[in-house]
Amino acid sequence: MKKNIYLSIVFILYLYLTGCTTVQTLYLQDVEVKAPINQSPVHITDSTETPSVSVSMRFAYNPKKEIKARTEGTPKVNQMGVYQVDTIYNPDGTIRYQKNSNNRYAYKGQNLTWNFASVNAAIDFDLKLSKNFALFGGLNYASGNKKTL
């Protein structure tokens, strides 16, 4: 009985650690992102003064409104610079898409446009409660193109 429980636990741990995944390739021909550039909310604190509160504020103004670039791994395109696919209608009513053989040329354009905030403001709070425990929270505000992002 114990052996079966042990084997069951090992099997469940194996499934949990290896996981079941579905691999699918997503081809993006043109991407437009409207989002602020945020800093990571990771704060490293020392444990010398507890309890204590730290307040951090940030403000940034950026007159440049966007960045354009070409993403790595962009699939090959046809002569007109477009990724071409064939739509296949199956007899059972389902639809699938298949790569077209005309996609033989490297994509030369810029397919990533990132519109970021012209104004970005933030305030962060760090509350060290003990030598081993701290709480962190904050507020961010970003605005670009007269819209709140």
# chains A, B, ... in the order shown; residues from 1 in each chain; ligands from 1
$ residues_around --residues "region 101-112 of chain A" --least-positions-apart "5" --cutoff "10 Å" --atoms "only C-alpha atoms" --output "compact mmCIF listing (two decimals) with C-alpha atoms, in the first residue's frame"
# COMPACT_ATOMS: atom_id res chain seq x y z
CA LEU A 28 3.22 38.49 -36.27
CA GLN A 29 3.58 40.59 -39.37
CA ASP A 30 2.88 43.95 -37.74
CA VAL A 31 2.76 44.74 -34.02
CA GLU A 32 1.69 48.00 -32.40
CA VAL A 33 2.13 48.39 -28.63
CA ILE A 67 10.11 53.58 -31.34
CA LYS A 68 10.07 51.58 -34.57
CA ALA A 69 12.03 48.35 -35.01
CA ARG A 70 12.09 44.99 -36.71
CA THR A 71 11.53 41.96 -34.50
CA GLU A 72 13.88 39.00 -34.64
CA GLY A 73 12.54 35.80 -36.15
CA THR A 74 10.11 37.46 -38.56
CA PRO A 75 9.01 34.82 -41.08
CA LYS A 76 9.77 35.09 -44.78
CA VAL A 77 7.28 37.03 -46.92
CA ASN A 78 6.15 37.16 -50.54
CA GLN A 79 7.40 39.66 -53.16
CA MET A 80 5.10 42.41 -51.86
CA GLY A 81 6.42 42.08 -48.29
CA VAL A 82 3.31 40.32 -46.92
CA TYR A 83 3.21 36.97 -45.12
CA GLN A 84 0.86 34.95 -47.31
CA VAL A 85 -1.21 31.98 -46.09
CA ASP A 86 -3.65 29.65 -47.81
$ atom_distance --atom1 "CA of Thr50 (chain A)" --atom2 "CA of Leu139 (chain A)"
23.5 Å
$ atom_distance --atom1 "CA of Ser143 (chain A)" --atom2 "CA of Glu66 (chain A)"
13.1 Å
$ atom_distance --atom1 "CA of Arg58 (chain A)" --atom2 "CA of Leu127 (chain A)"
17.9 Å
$ closest_residue --among "A:Lys3, A:Phe133, A:Val119, A:Asp124" --to "Phe59 (chain A)" --atoms "only C-alpha atoms"
A:Val119
